[in-house]
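Working notes, beginning with the structure itself.
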Amino acid sequence: MTGPSTPPPPPVGGVLWSVAGDVRALLMLPSALALQVAHPAVGAGVDEHSVFRTDPWGRGERSLRSVLLWVYGGEAAAEEGRRLRRLHRTIQGTDAHGRRYHALTPSHYSWVHATGFPVYQRGLSLLHRPLTEAQERQLYAEWLQVGRILGIHDRDMPQTVEEFWPSFRKRLGELEDTVVLRELVATDQPVPPPDRGPLPLRLLLRALWPVILPRLARFRSFVTVGLMPAEARAALGLEWSDAQERRLRRFARVVRVVVPALPERLRYLPLAREARHEARREARRAARCEARREARHEARREARRAARCEARREAFRELSAPGRRA
């Protein structure tokens, strides 16, 4: 149970609940990661301390699980936030310009969180549907809640959508073409075949990897750059043509048609799927409990009505008795 100082996760049935565990989120995450490591301090920390080069699939799996816990973890969400802060306590060093950094410096840590909202907004507008103004405000409010789960103070996060965009655009001036960013958008980086999953699938992927990897790398680079906000691409000097935008929109139209037609076991990632199942089970349990309470209340009301009727009949019988009439 969350205590008074423990921030609760975003609400069941909210915007994040609907989209964070949808498989389309896998297409958006690389853009957020690229924006994060474009910050020189964040990029240096990842460059020096992450295992993303030696264990890319394990690193990706752990990052994805962490993100899903923020939204679907229930009581585990806040613990995941505390775990991440403990993990980042020792991450410090010197960036490419010789400046000291620490991962938990508020401006650095809050930037990692801040990248999620603009990427979600662009990704949802293409891969789902554009957000209404009310939905955008709700998404931002829920993203603030994620920030609190991560241990970020309100003073280090813009508190409204109107405050967010000027802050975000100002911070784009801090970004640069870091080593890690270049690797994330490159199409020629060596990546080993997946080392997890069913053995037959791993063996098949290993055999086909020389054919799959170049195509996968080009697609990853395409969606990473394409799903960034336009002003972020411009700030980083990443090329994006009108033809690429049209190609992305054609791809997005296919995704918008195909993914909603998938069964839930294919549309949602496992942790999200289980959380959604549990929420429905809890809703059904609550509905049954409410129905039983209502039935008990109705039974008591009926018993009281019956008692009053019986009392009136008894009174009438007494008044109608021969001795009473005499």
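Ordering of the structure tokens sets the chain letters (A, B, ...); residue numbers start at 1 within each chain; ligands are numbered from 1 in the order shown.
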So that I can check the surroundings of Leu87 of chain A, please list as a PyMOL selection string every protein, DNA and RNA residue that reaches within 12 Å of it, counting only C-alpha atoms and ignoring chain neighbours fewer than 3 positions away. chain A and resi 49-50+80-84+90-92+103-104+150
Serialized selection, all heavy atoms, as a compact mmCIF listing (two decimals), in the first residue's frame:
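Result written to again_33.txt:
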```txt
# COMPACT_ATOMS: atom_id res chain seq x y z
N HIS A 49 29.36 3.99 -18.47
CA HIS A 49 28.85 3.09 -17.44
C HIS A 49 27.84 2.06 -17.92
O HIS A 49 27.56 1.10 -17.20
CB HIS A 49 28.21 3.90 -16.30
CG HIS A 49 29.17 4.80 -15.60
ND1 HIS A 49 29.96 4.39 -14.55
CD2 HIS A 49 29.47 6.12 -15.79
CE1 HIS A 49 30.71 5.39 -14.11
NE2 HIS A 49 30.43 6.46 -14.85
N SER A 50 27.27 2.23 -19.11
CA SER A 50 26.24 1.30 -19.57
C SER A 50 26.87 0.11 -20.28
O SER A 50 27.98 0.19 -20.82
CB SER A 50 25.28 2.03 -20.53
OG SER A 50 24.33 1.13 -21.06
N GLU A 80 10.53 0.67 -7.82
CA GLU A 80 11.37 0.72 -9.00
C GLU A 80 12.04 2.09 -9.12
O GLU A 80 13.22 2.19 -9.49
CB GLU A 80 10.56 0.41 -10.25
CG GLU A 80 11.33 0.53 -11.56
CD GLU A 80 12.47 -0.46 -11.67
OE1 GLU A 80 12.58 -1.38 -10.85
OE2 GLU A 80 13.28 -0.30 -12.61
N GLY A 81 11.31 3.14 -8.81
CA GLY A 81 11.91 4.47 -8.82
C GLY A 81 13.05 4.58 -7.82
O GLY A 81 14.10 5.15 -8.13
N ARG A 82 12.86 4.02 -6.63
CA ARG A 82 13.93 4.06 -5.63
C ARG A 82 15.12 3.21 -6.07
O ARG A 82 16.28 3.59 -5.85
CB ARG A 82 13.38 3.57 -4.28
CG ARG A 82 12.40 4.53 -3.64
CD ARG A 82 12.05 4.11 -2.22
NE ARG A 82 11.21 2.93 -2.19
CZ ARG A 82 9.89 2.94 -2.16
NH1 ARG A 82 9.24 4.10 -2.19
NH2 ARG A 82 9.19 1.82 -2.12
N ARG A 83 14.84 2.08 -6.71
CA ARG A 83 15.93 1.22 -7.19
C ARG A 83 16.78 1.95 -8.23
O ARG A 83 18.02 1.88 -8.20
CB ARG A 83 15.37 -0.06 -7.80
CG ARG A 83 16.44 -1.06 -8.23
CD ARG A 83 15.85 -2.18 -9.08
NE ARG A 83 15.49 -1.71 -10.41
CZ ARG A 83 16.35 -1.60 -11.42
NH1 ARG A 83 17.64 -1.90 -11.25
NH2 ARG A 83 15.94 -1.16 -12.59
N LEU A 84 16.12 2.67 -9.11
CA LEU A 84 16.86 3.41 -10.14
C LEU A 84 17.74 4.49 -9.53
O LEU A 84 18.88 4.70 -9.97
CB LEU A 84 15.89 4.02 -11.14
CG LEU A 84 15.20 3.04 -12.08
CD1 LEU A 84 14.16 3.75 -12.92
CD2 LEU A 84 16.21 2.34 -12.99
N THR A 90 26.20 5.98 -8.08
CA THR A 90 27.64 5.87 -8.34
C THR A 90 28.02 6.28 -9.76
O THR A 90 29.19 6.18 -10.12
CB THR A 90 28.10 4.42 -8.10
OG1 THR A 90 27.36 3.53 -8.96
CG2 THR A 90 27.85 4.01 -6.65
N ILE A 91 27.05 6.70 -10.55
CA ILE A 91 27.34 7.05 -11.94
C ILE A 91 27.76 8.52 -12.01
O ILE A 91 26.93 9.43 -11.88
CB ILE A 91 26.12 6.78 -12.85
CG1 ILE A 91 25.78 5.29 -12.83
CG2 ILE A 91 26.38 7.26 -14.27
CD1 ILE A 91 24.58 4.91 -13.66
N GLN A 92 29.04 8.73 -12.20
CA GLN A 92 29.60 10.07 -12.28
C GLN A 92 30.88 10.01 -13.08
O GLN A 92 31.42 8.93 -13.34
CB GLN A 92 29.85 10.64 -10.89
CG GLN A 92 30.73 9.78 -10.01
CD GLN A 92 30.81 10.32 -8.61
OE1 GLN A 92 31.02 11.52 -8.40
NE2 GLN A 92 30.63 9.45 -7.62
N ALA A 103 24.96 11.47 -12.31
CA ALA A 103 23.68 11.08 -12.93
C ALA A 103 22.48 11.67 -12.20
O ALA A 103 21.45 11.94 -12.83
CB ALA A 103 23.58 9.56 -12.96
N LEU A 104 22.58 11.87 -10.89
CA LEU A 104 21.43 12.34 -10.12
C LEU A 104 21.37 13.86 -9.97
O LEU A 104 20.52 14.36 -9.23
CB LEU A 104 21.42 11.68 -8.74
CG LEU A 104 21.13 10.17 -8.74
CD1 LEU A 104 21.15 9.62 -7.33
CD2 LEU A 104 19.80 9.86 -9.42
N LEU A 150 9.98 8.59 -10.03
CA LEU A 150 11.44 8.53 -10.22
C LEU A 150 12.19 9.38 -9.20
O LEU A 150 13.43 9.43 -9.25
CB LEU A 150 11.77 9.01 -11.64
CG LEU A 150 11.24 8.13 -12.77
CD1 LEU A 150 11.53 8.76 -14.13
CD2 LEU A 150 11.82 6.72 -12.69
```
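Excluding Arg196 of chain A itself and same-chain residues fewer than 5 positions from it, the residues having an atom within 9 Å of it are Trp57, Gly58 and Arg202 of chain A, counting only C-alpha atoms.
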Env of Trp240 of chain A: 10 Å cut, atoms = only C-alpha atoms, seq-sep filter 2 positions within chain, self excluded. Answer as a list in words. Phe222, Val225, Gly226, Ala230, Arg233, Ala234, Gly237, Leu238, Asp242, Ala243, Gln244 and Glu245 of chain A
Please produce an output containing N, CA, C and O atoms for each residue in the selection, written as an mmCIF file, in the first residue's frame.
```
data_model
loop_
_atom_site.group_PDB
_atom_site.id
_atom_site.type_symbol
_atom_site.label_atom_id
_atom_site.label_comp_id
_atom_site.auth_asym_id
_atom_site.auth_seq_id
_atom_site.Cartn_x
_atom_site.Cartn_y
_atom_site.Cartn_z
ATOM 1 N N PHE A 222 15.618 4.965 -38.964
ATOM 2 C CA PHE A 222 14.513 5.690 -39.581
ATOM 3 C C PHE A 222 13.476 6.101 -38.540
ATOM 4 O O PHE A 222 13.065 7.276 -38.477
ATOM 5 N N VAL A 225 14.925 8.683 -35.702
ATOM 6 C CA VAL A 225 14.968 10.085 -36.141
ATOM 7 C C VAL A 225 13.563 10.592 -36.462
ATOM 8 O O VAL A 225 13.186 11.709 -36.101
ATOM 9 N N GLY A 226 12.762 9.772 -37.116
ATOM 10 C CA GLY A 226 11.455 10.221 -37.572
ATOM 11 C C GLY A 226 10.478 10.523 -36.472
ATOM 12 O O GLY A 226 9.632 11.426 -36.613
ATOM 13 N N ALA A 230 10.205 17.638 -34.451
ATOM 14 C CA ALA A 230 10.964 18.294 -35.517
ATOM 15 C C ALA A 230 12.009 19.253 -34.959
ATOM 16 O O ALA A 230 13.137 19.327 -35.482
ATOM 17 N N ARG A 233 15.101 17.325 -33.887
ATOM 18 C CA ARG A 233 15.931 16.937 -35.030
ATOM 19 C C ARG A 233 16.763 18.120 -35.528
ATOM 20 O O ARG A 233 17.951 17.987 -35.826
ATOM 21 N N ALA A 234 16.122 19.275 -35.614
ATOM 22 C CA ALA A 234 16.830 20.459 -36.102
ATOM 23 C C ALA A 234 17.961 20.844 -35.153
ATOM 24 O O ALA A 234 19.062 21.190 -35.598
ATOM 25 N N GLY A 237 20.837 18.597 -35.737
ATOM 26 C CA GLY A 237 21.361 18.532 -37.093
ATOM 27 C C GLY A 237 21.106 17.206 -37.786
ATOM 28 O O GLY A 237 21.862 16.814 -38.682
ATOM 29 N N LEU A 238 20.029 16.528 -37.399
ATOM 30 C CA LEU A 238 19.690 15.247 -38.018
ATOM 31 C C LEU A 238 18.841 15.497 -39.260
ATOM 32 O O LEU A 238 17.818 16.180 -39.195
ATOM 33 N N ASP A 242 11.247 15.675 -46.685
ATOM 34 C CA ASP A 242 9.803 15.546 -46.879
ATOM 35 C C ASP A 242 9.447 14.139 -47.345
ATOM 36 O O ASP A 242 8.407 13.593 -46.965
ATOM 37 N N ALA A 243 10.317 13.561 -48.175
ATOM 38 C CA ALA A 243 10.059 12.202 -48.654
ATOM 39 C C ALA A 243 10.086 11.205 -47.501
ATOM 40 O O ALA A 243 9.265 10.275 -47.447
ATOM 41 N N GLN A 244 11.015 11.381 -46.558
ATOM 42 C CA GLN A 244 11.058 10.500 -45.394
ATOM 43 C C GLN A 244 9.818 10.677 -44.520
ATOM 44 O O GLN A 244 9.284 9.702 -43.983
ATOM 45 N N GLU A 245 9.358 11.916 -44.384
ATOM 46 C CA GLU A 245 8.152 12.155 -43.592
ATOM 47 C C GLU A 245 6.951 11.470 -44.230
ATOM 48 O O GLU A 245 6.127 10.857 -43.533
#
```
Among segment 51-161 of chain A, which residues does DSSP mark as strand (DSSP E or B) when it is run on the backbone? Keep the chain and numbering as in the structure and answer as an NGL selection string. :A and (92-94 or 100-102)
As a VMD selection string, please: the residues near segment 163-177 of chain A (cut-off 7 Å, only C-alpha atoms, same-chain neighbours under 5 positions excluded). chain A and resid 38 to 40 158 182 232 235 to 236
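Shortest atom-to-atom contact with Val180 of chain A among A:Leu64, A:Leu269, A:Leu124, A:Ala96: A:Ala96, counting only C-alpha atoms.
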